[in-house]
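See below for the structure under consideration.
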Amino acid sequence: MMLLTVVLLLSACSSNQGSVFDSGTAQTSDNVARVPWDYRVVESTVGDLIGSDMTVLPDNELLPNDGNYATGDKIWTLQFMDAELITDADQKNEVRLSSWSTIKSYADEKTAAEDLTNLKVSVTTDVDIVGVYKTKYKDKTRNFAVLELPSGNRIKQPIDDERYTALEKKKTASVVLEEVHDFADYDSAYAKFRGWAK
């Protein structure tokens, strides 16, 4: 009976998050997200045929041979890169890029380029200005704007004196973003800063 009482007391303590008996993993303040980062179209050559698949040269990657290509055929491939975004408690970002992966083949460059324009879309929109500031080092002054993108990530952009004055008292700025959509899930996208709209 005494042992049962001790077990019940310990289990009651362990449900308390602040308890020394809590064996849960430590909480970190970093936020990690995997996002689509970039695409490119590359001219390639069909290598060996393996069943219904083919190798793509020069990287020897294995792809389905959907186009019924022969060894030695020139093709175009769509390559994909994603990124791991790590945002710490101070809203500072670290980006870790993956290597390029081949995901689709095309018989002609025009069709590949059409797919590419649907996956990387240029958009003009307003974003929040977190703030602008100046730094000075050895009589040289540099200006920066900190913007919050639709993804919630913050970026720091160098700006000239004219733009510093224009943004100093504003809450939003008009910018050009490149939306990179996930090939497998088009609704999943990541927006990258590509310049000022005005």
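Each chain in the structure tokens gets a letter, A, B, ..., in the order shown, and its residues are numbered from 1; ligands are numbered from 1 in order too.
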From the DSSP assignment of the backbone, select every residue of segment 50-174 of chain A that is strand (DSSP E or B), and format the answer as a ChimeraX atom specification.
/A:50,53-57,61-64,74-87,93-97,101-106,120-137,140-148,154-159,172-174
Neighbour list for segment 150-156 of chain A as a VMD selection string, cut-off 12 Å, only C-alpha atoms, skip fewer than 4 positions in-chain:
chain A and resid 31 to 35 85 to 95 123 125 to 134 143 to 146 175 177 to 180 188 to 194
Since we have the selection now, will you write its residues out, keeping C-alpha atoms, as a short mmCIF file (atom, residue, chain, number, x, y, z; two decimals), in the first residue's frame?
```cif
data_model
loop_
_atom_site.label_atom_id
_atom_site.label_comp_id
_atom_site.auth_asym_id
_atom_site.auth_seq_id
_atom_site.Cartn_x
_atom_site.Cartn_y
_atom_site.Cartn_z
CA ASN A 31 11.71 27.74 -35.13
CA VAL A 32 12.65 25.41 -38.03
CA ALA A 33 10.79 25.23 -41.34
CA ARG A 34 11.55 23.43 -44.61
CA VAL A 35 10.55 25.50 -47.63
CA LEU A 85 15.04 28.02 -42.32
CA ILE A 86 16.02 28.38 -38.68
CA THR A 87 14.62 31.45 -36.92
CA ASP A 88 15.84 32.13 -33.39
CA ALA A 89 14.11 34.04 -30.59
CA ASP A 90 15.63 37.32 -31.84
CA GLN A 91 14.06 36.77 -35.31
CA LYS A 92 17.49 36.16 -36.87
CA ASN A 93 17.47 33.70 -39.75
CA GLU A 94 19.88 30.98 -40.75
CA VAL A 95 19.36 29.26 -44.11
CA VAL A 123 4.61 39.22 -57.21
CA THR A 125 3.05 43.44 -52.72
CA ASP A 126 3.33 45.52 -49.55
CA VAL A 127 5.30 44.15 -46.59
CA ASP A 128 5.70 45.41 -43.04
CA ILE A 129 8.72 47.54 -42.19
CA VAL A 130 10.12 46.46 -38.83
CA GLY A 131 12.49 49.44 -38.83
CA VAL A 132 15.36 51.27 -40.51
CA TYR A 133 18.74 52.05 -38.97
CA LYS A 134 22.23 53.38 -39.69
CA ASN A 143 21.73 52.18 -43.98
CA PHE A 144 19.54 49.10 -43.55
CA ALA A 145 15.83 48.29 -43.63
CA VAL A 146 14.41 45.31 -41.76
CA VAL A 175 8.44 45.20 -52.83
CA LEU A 177 8.79 38.99 -54.19
CA GLU A 178 9.50 35.73 -55.96
CA GLU A 179 7.07 33.03 -54.83
CA VAL A 180 8.70 29.61 -55.10
CA SER A 188 2.95 25.39 -50.31
CA ALA A 189 5.19 28.33 -51.29
CA TYR A 190 7.97 30.52 -49.95
CA ALA A 191 8.40 34.20 -50.88
CA LYS A 192 11.90 35.63 -51.39
CA PHE A 193 12.75 39.33 -51.59
CA ARG A 194 13.74 40.34 -55.13
#
```
In terms of only C-alpha atoms, the residue from A:Asp53, A:Glu168, A:Asp82, A:Asp161 at minimal distance from Trp100 of chain A is A:Asp82
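One finds atom CA of Leu62 of chain A at 8.6 Å from atom CA of Thr102 of chain A.
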For Thr77 of chain A, the nearest of the candidates A:Asp139, A:Asp38, A:Glu109, A:Asp48, counting only C-alpha atoms
A:Glu109
Compile the contact shell of Pro64 of chain A as a PyMOL selection string: residues with an atom at most 10 Å away, counting only C-alpha atoms, same-chain residues fewer than 2 positions apart removed.
chain A and resi 49-55+62+66-68+103-105
Could you write out that same residue set with all heavy atoms as a compact mmCIF listing (two decimals), in the first residue's frame?
```
# COMPACT_ATOMS: atom_id res chain seq x y z
N LEU A 49 19.49 2.67 -69.39
CA LEU A 49 18.07 2.38 -69.13
C LEU A 49 18.00 1.20 -68.18
O LEU A 49 18.63 0.16 -68.42
CB LEU A 49 17.34 2.07 -70.43
CG LEU A 49 17.41 3.15 -71.52
CD1 LEU A 49 16.66 2.71 -72.76
CD2 LEU A 49 16.86 4.48 -71.00
N ILE A 50 17.25 1.38 -67.10
CA ILE A 50 17.15 0.33 -66.07
C ILE A 50 15.67 0.06 -65.84
O ILE A 50 14.99 0.81 -65.14
CB ILE A 50 17.84 0.77 -64.77
CG1 ILE A 50 19.30 1.14 -65.05
CG2 ILE A 50 17.75 -0.31 -63.71
CD1 ILE A 50 19.97 1.89 -63.94
N GLY A 51 15.16 -1.00 -66.47
CA GLY A 51 13.74 -1.29 -66.39
C GLY A 51 12.95 -0.14 -67.00
O GLY A 51 13.19 0.28 -68.13
N SER A 52 12.03 0.42 -66.23
CA SER A 52 11.24 1.56 -66.73
C SER A 52 11.87 2.89 -66.32
O SER A 52 11.27 3.95 -66.52
CB SER A 52 9.81 1.48 -66.19
OG SER A 52 9.82 1.52 -64.77
N ASP A 53 13.07 2.84 -65.75
CA ASP A 53 13.78 4.05 -65.32
C ASP A 53 14.97 4.33 -66.23
O ASP A 53 15.33 3.53 -67.09
CB ASP A 53 14.25 3.91 -63.87
CG ASP A 53 13.11 3.79 -62.89
OD1 ASP A 53 12.02 4.33 -63.18
OD2 ASP A 53 13.29 3.13 -61.85
N MET A 54 15.59 5.50 -66.02
CA MET A 54 16.78 5.87 -66.78
C MET A 54 17.72 6.64 -65.86
O MET A 54 17.29 7.27 -64.90
CB MET A 54 16.40 6.76 -67.97
CG MET A 54 15.76 8.07 -67.57
SD MET A 54 15.28 9.07 -68.98
CE MET A 54 14.48 10.47 -68.14
N THR A 55 19.00 6.58 -66.17
CA THR A 55 19.95 7.43 -65.47
C THR A 55 20.11 8.71 -66.29
O THR A 55 20.02 8.68 -67.52
CB THR A 55 21.31 6.74 -65.28
OG1 THR A 55 21.82 6.38 -66.56
CG2 THR A 55 21.20 5.53 -64.39
N LEU A 62 18.74 8.77 -61.02
CA LEU A 62 17.74 7.83 -61.54
C LEU A 62 16.38 8.54 -61.61
O LEU A 62 15.92 9.12 -60.63
CB LEU A 62 17.67 6.61 -60.64
CG LEU A 62 16.92 5.40 -61.20
CD1 LEU A 62 17.66 4.82 -62.42
CD2 LEU A 62 16.80 4.32 -60.12
N ASP A 66 9.61 8.42 -68.42
CA ASP A 66 8.23 8.69 -68.85
C ASP A 66 8.16 9.06 -70.33
O ASP A 66 7.13 8.87 -70.97
CB ASP A 66 7.63 9.82 -68.01
CG ASP A 66 7.51 9.45 -66.54
OD1 ASP A 66 7.38 8.25 -66.25
OD2 ASP A 66 7.55 10.36 -65.69
N GLY A 67 9.23 9.60 -70.87
CA GLY A 67 9.22 10.02 -72.27
C GLY A 67 9.70 8.95 -73.24
O GLY A 67 9.87 9.21 -74.43
N ASN A 68 9.94 7.73 -72.74
CA ASN A 68 10.41 6.62 -73.55
C ASN A 68 11.67 7.00 -74.33
O ASN A 68 11.79 6.77 -75.53
CB ASN A 68 9.30 6.14 -74.52
CG ASN A 68 9.55 4.74 -75.00
OD1 ASN A 68 10.25 3.96 -74.36
ND2 ASN A 68 8.98 4.41 -76.15
N ILE A 103 13.93 16.25 -60.64
CA ILE A 103 12.60 15.73 -60.32
C ILE A 103 11.74 15.41 -61.54
O ILE A 103 10.76 14.70 -61.43
CB ILE A 103 11.83 16.71 -59.39
CG1 ILE A 103 11.76 18.10 -60.00
CG2 ILE A 103 12.43 16.72 -58.01
CD1 ILE A 103 10.93 19.08 -59.18
N LYS A 104 12.11 15.96 -62.73
CA LYS A 104 11.27 15.72 -63.90
C LYS A 104 12.09 15.90 -65.17
O LYS A 104 13.02 16.70 -65.19
CB LYS A 104 10.08 16.68 -63.90
CG LYS A 104 9.01 16.37 -64.94
CD LYS A 104 7.80 17.28 -64.78
CE LYS A 104 6.75 16.96 -65.82
NZ LYS A 104 5.58 17.85 -65.71
N SER A 105 11.72 15.17 -66.23
CA SER A 105 12.41 15.30 -67.51
C SER A 105 11.46 15.81 -68.59
O SER A 105 10.24 15.64 -68.50
CB SER A 105 12.99 13.94 -67.94
OG SER A 105 11.95 13.01 -68.17
```
If you run DSSP on the backbone, which residues of chain A are alpha helix (DSSP H), as JSON, numbers by chain?
{"A": [2, 3, 4, 5, 6, 7, 8, 9, 10, 11, 12, 13, 14, 109, 110, 111, 112, 113, 114, 115, 116, 117, 118, 119, 161, 162, 163, 164, 165, 166, 167]}
Separation of atom CA of Pro36 of chain A from atom CA of Ile159 of chain A, in Å and rounded to one decimal:
27.1 Å
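Between atom CA of Pro158 of chain A and atom CA of Trp37 of chain A the separation is 21.9 Å.
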